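Shown next, in structure tokens, is the structure this report addresses.
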Amino acid sequence: MSVTDPERLREIVEEICDAMTAETERGRVADYIPQLADVDPDQFALALVLPDGAVIADGDADTRFSIQSVSKVFALAVALGRVGDALWNRVGREPSGDPFNSIVQLEHERGIPRNPFINAGAIAVTDAILARSEPREALGQILQFVRFLAGDDDIAIDPAVAKSETASGWRNAALANFMRDFGTIQRHPDKVLGTYFHQCAIAMTARQLAHAGRFLAFDGSLSPGGSRAIAPRMARQINALMLTCGHYDGSGEFAFRVGLPGKSGVGGGILAVAPGRAAIACWSPGLNAVGNSHLASIALEMLADRTGWSVFAANS
Ligand code: DON
């Protein structure tokens, strides 16, 4: 049976937080975006938002971090809201089994990225949002949507991180140019990349991220029966993609160990979803070999184990 008692959940969260704070093996902070290389790896946060809106948070849950690829979830929701199922003409829905920044499948598959969460797919999603807006407007829409989901206007883009990636994102530039040649993206690659880098540079706390993830835990609404953010069908589709593709070539392992939809970012954040139970944000900057937070992955496994939350359990 799954745990729902808030007091017991608080004990579990505190126990996990204590264990993760004491860990000495913390993974390696991403350094291919120079601004992220300076982040202190000795940080850890875990935050849950329950169906009644109660928050259980511990550790550095009020410290902002760069959400990076977690932003791909929000951009996907915006793009689906705008162009609907036509989005799937330019991006697939299959796990790639390759690293997040890989180019290798793109040529074989005629410029159509495997899924919206690898970098190529996310760049194609951002281009779809740009079909009817200029970069500033598109970014404003993504940011406004995140603020609405979190119920918090104090969420912003970190300009130093965006600038840092703009100056070093050669691999993403290669992906964008390659897809422009195939016609997968239609706007100029520079415009698409500028928008994508800024979207990835959204900074928020674990507490804010857990709030922003509620719509996925509650069938598209901010709470059970509350304000609707997206259609229930769309929330389920996004959860399915998070489960199968949210951790790149570590997605199978995450599904096996944690059993919940999740989306990671190289800033060390993971947004996970226990449908009907909680929206969960976990953060620790050190990454494992496939670019997902080392300690956040372990912490979410502990959380799933202790709560019984799993999309595969009869009574989850
Ligand atoms: O495009 C990039 O490489 C980064 N802005 C985002 C990559 C990322 O977060 C991958 N996640 N684990």
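Chain labels A, B, ... are given in the sequence in which chains occur in the structure tokens; within each chain residues are numbered consecutively from 1, and ligands are likewise numbered from 1 in the order shown.
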
Taking only residues of chain A that have an atom at most 9 Å from an atom of ligand 1, what is each one's shortest atom pair and its distance in Å to one decimal, using only C-alpha atoms and all ligand atoms, in chain and number order, as CSV?
```
residue,atom,partner,partner_atom_place_in_ligand_line,distance
A:Tyr32,CA,ligand 1,3 (O),8.1
A:Ile33,CA,ligand 1,4 (C),7.8
A:Ser66,CA,ligand 1,9 (O),8.9
A:Ile67,CA,ligand 1,9 (O),7.3
A:Gln68,CA,ligand 1,9 (O),4.3
A:Ser69,CA,ligand 1,9 (O),3.6
A:Val70,CA,ligand 1,9 (O),6.7
A:Ser71,CA,ligand 1,9 (O),8.4
A:Lys72,CA,ligand 1,6 (C),8.7
A:Pro99,CA,ligand 1,10 (C),8.7
A:Phe100,CA,ligand 1,10 (C),5.7
A:Asn101,CA,ligand 1,3 (O),6.3
A:Phe117,CA,ligand 1,10 (C),8.4
A:Ile118,CA,ligand 1,10 (C),7.5
A:Asn119,CA,ligand 1,1 (O),5.5
A:Ala120,CA,ligand 1,1 (O),8.6
A:Ala122,CA,ligand 1,1 (O),8.5
A:Ile123,CA,ligand 1,1 (O),8.5
A:Ala162,CA,ligand 1,5 (N),8.6
A:Glu165,CA,ligand 1,5 (N),7.0
A:Gly169,CA,ligand 1,3 (O),7.2
A:Arg171,CA,ligand 1,3 (O),8.0
A:Asn172,CA,ligand 1,1 (O),6.2
A:Tyr196,CA,ligand 1,5 (N),7.5
A:Phe197,CA,ligand 1,5 (N),5.8
A:His198,CA,ligand 1,5 (N),8.6
A:Gln199,CA,ligand 1,5 (N),8.3
A:Cys200,CA,ligand 1,5 (N),5.1
A:Ala201,CA,ligand 1,5 (N),7.3
A:Gly246,CA,ligand 1,12 (N),8.5
A:His247,CA,ligand 1,12 (N),6.8
A:Tyr248,CA,ligand 1,12 (N),7.6
A:Lys263,CA,ligand 1,12 (N),8.0
A:Ser264,CA,ligand 1,12 (N),5.0
A:Gly265,CA,ligand 1,9 (O),3.5
A:Val266,CA,ligand 1,9 (O),3.8
A:Gly267,CA,ligand 1,9 (O),6.4
A:Gly268,CA,ligand 1,12 (N),7.5
A:Gly269,CA,ligand 1,12 (N),8.4
A:Ile270,CA,ligand 1,12 (N),8.8
A:Leu287,CA,ligand 1,12 (N),8.4
A:Val290,CA,ligand 1,12 (N),7.7
A:Gly291,CA,ligand 1,12 (N),4.9
A:Asn292,CA,ligand 1,12 (N),5.0
A:Ser293,CA,ligand 1,12 (N),7.7
```

Might you pull out every residue within 10 Å of A:Ala217, with only C-alpha atoms counted and same-chain residues fewer than 5 positions away left off, and present them as a PyMOL selection string?
chain A and resi 49-51+222-224+235-236+239+261+272-280

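Separating atom CA of A:Ile16 from atom CA of A:Cys245 is a distance of 25.5 Å.
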
What parts of stretch 140-294 of chain A does DSSP call alpha helix (DSSP H)? I'd like the answer as number ranges by chain.
A: 140-150, 159-168, 170-182, 189-200, 206-212, 214-217, 232-245, 251-257, 294

If you take only C-alpha atoms and a cut-off of 12 Å, which residues of stretch 18-48 of chain A touch stretch 302-305 of chain A, and what are their nearest atom pairs and distances in Å to one decimal, in chain and number order, as CSV?
```
residue,atom,partner,partner_atom,distance
A:Ala19,CA,A:Met302,CA,10.1
A:Met20,CA,A:Met302,CA,10.4
A:Leu46,CA,A:Leu303,CA,9.9
A:Ala47,CA,A:Leu303,CA,11.2
A:Leu48,CA,A:Leu303,CA,10.5
```

Give me the residues within 9 Å of A:Ala75 as a list in words, counting only C-alpha atoms and dropping any in the same chain fewer than 6 places off.
Ala122, Val125, Thr126, Ile129, Ile142, Phe145 and Gln199 of chain A

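Using only C-alpha atoms, the residues found no farther than 10 Å from A:Asp58, other than those of its own chain fewer than 4 positions away, are A:Arg10, A:Val13, A:Glu14, A:Glu15, A:Ile16, A:Cys17, A:Asp18, A:Phe44, A:Ala45, A:Leu46, A:Ala47, A:Leu48, A:Asp62, A:Ala206, A:Arg207, A:Cys282.
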
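The coordinates place atom CA of A:Asp190 at 22.3 Å from atom CA of A:Ala203.
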
Hey, which of A:Ala314, A:Ile298, A:Val258, A:Pro113 ends up closest to A:Glu25? Count only C-alpha atoms.
A:Ile298

Using Å and a single decimal, report how far atom CA of A:Pro34 sits from atom CA of A:His211.
28.6 Å

Looking only at the backbone, which of the residues in stretch 58-294 of chain A does DSSP tag as strand (DSSP E or B), as an MDAnalysis selection string?
chainID A and resid 58:59 65:66 156:157 202:204 221 228 262:264 269:274 278:283 286:287 293

For A:Gly111: contacts at 8 Å, only C-alpha atoms, fewer than 2 positions along chain excluded, given as a CSV table (one decimal) with N, CA and C atoms, in the first residue's frame:
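See selection-v2.csv below for the written result:
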```
chain,number,residue,atom,x,y,z
A,106,LEU,N,20.1,11.4,-36.3
A,106,LEU,CA,19.4,12.4,-37.1
A,106,LEU,C,19.5,12.1,-38.6
A,107,GLU,N,20.7,11.8,-39.1
A,107,GLU,CA,20.8,11.6,-40.5
A,107,GLU,C,20.1,10.4,-41.0
A,108,HIS,N,20.2,9.3,-40.3
A,108,HIS,CA,19.4,8.1,-40.7
A,108,HIS,C,17.9,8.3,-40.7
A,109,GLU,N,17.5,9.1,-39.8
A,109,GLU,CA,16.0,9.3,-39.7
A,109,GLU,C,15.5,10.6,-40.3
A,113,PRO,N,13.9,14.1,-35.0
A,113,PRO,CA,14.5,13.6,-33.8
A,113,PRO,C,13.6,12.5,-33.1
A,178,PHE,N,21.6,21.2,-38.9
A,178,PHE,CA,21.3,19.9,-39.6
A,178,PHE,C,19.8,19.8,-39.8
A,179,MET,N,19.0,20.1,-38.7
A,179,MET,CA,17.5,20.0,-38.8
A,179,MET,C,17.0,21.1,-39.7
A,182,PHE,N,17.1,19.8,-43.2
A,182,PHE,CA,16.1,18.8,-43.5
A,182,PHE,C,14.7,19.4,-43.5
A,183,GLY,N,14.6,20.6,-43.0
A,183,GLY,CA,13.2,21.3,-42.9
A,183,GLY,C,12.5,21.0,-41.7
A,184,THR,N,13.1,20.3,-40.7
A,184,THR,CA,12.4,20.0,-39.4
A,184,THR,C,12.2,21.3,-38.7
```

From the list A:Ile230, A:Leu87, A:Ile185, A:Leu9, the nearest residue to A:Phe148 using only C-alpha atoms is A:Ile230

Nearest to A:Thr21 by atom-to-atom distance, counting only C-alpha atoms, from A:Gly308, A:Arg8, A:Met242, A:Trp283:
A:Trp283

Close residues, A:Arg114 itself excluded, 8 Å, only C-alpha atoms, min 2 positions apart in chain, as a PyMOL selection string:
chain A and resi 91-96+105+112+116+118+121

Could those selected residues go to a file with C-alpha atoms, as a PDB file, in the first residue's frame?
```pdb
ATOM      1  CA  VAL A  91       9.391  14.933 -33.680  1.00  0.00           C
ATOM      2  CA  GLY A  92       8.928  11.294 -32.674  1.00  0.00           C
ATOM      3  CA  ARG A  93       7.911   9.561 -29.462  1.00  0.00           C
ATOM      4  CA  GLU A  94      10.486   6.807 -29.123  1.00  0.00           C
ATOM      5  CA  PRO A  95      13.348   6.496 -26.640  1.00  0.00           C
ATOM      6  CA  SER A  96      16.637   7.186 -28.384  1.00  0.00           C
ATOM      7  CA  GLN A 105      20.305   9.127 -35.407  1.00  0.00           C
ATOM      8  CA  ILE A 112      13.294  13.866 -37.379  1.00  0.00           C
ATOM      9  CA  PRO A 116      10.962  15.902 -27.644  1.00  0.00           C
ATOM     10  CA  ILE A 118      16.707  14.861 -26.461  1.00  0.00           C
ATOM     11  CA  GLY A 121      13.790  17.147 -30.309  1.00  0.00           C
TER      12      GLY A 121
END
```
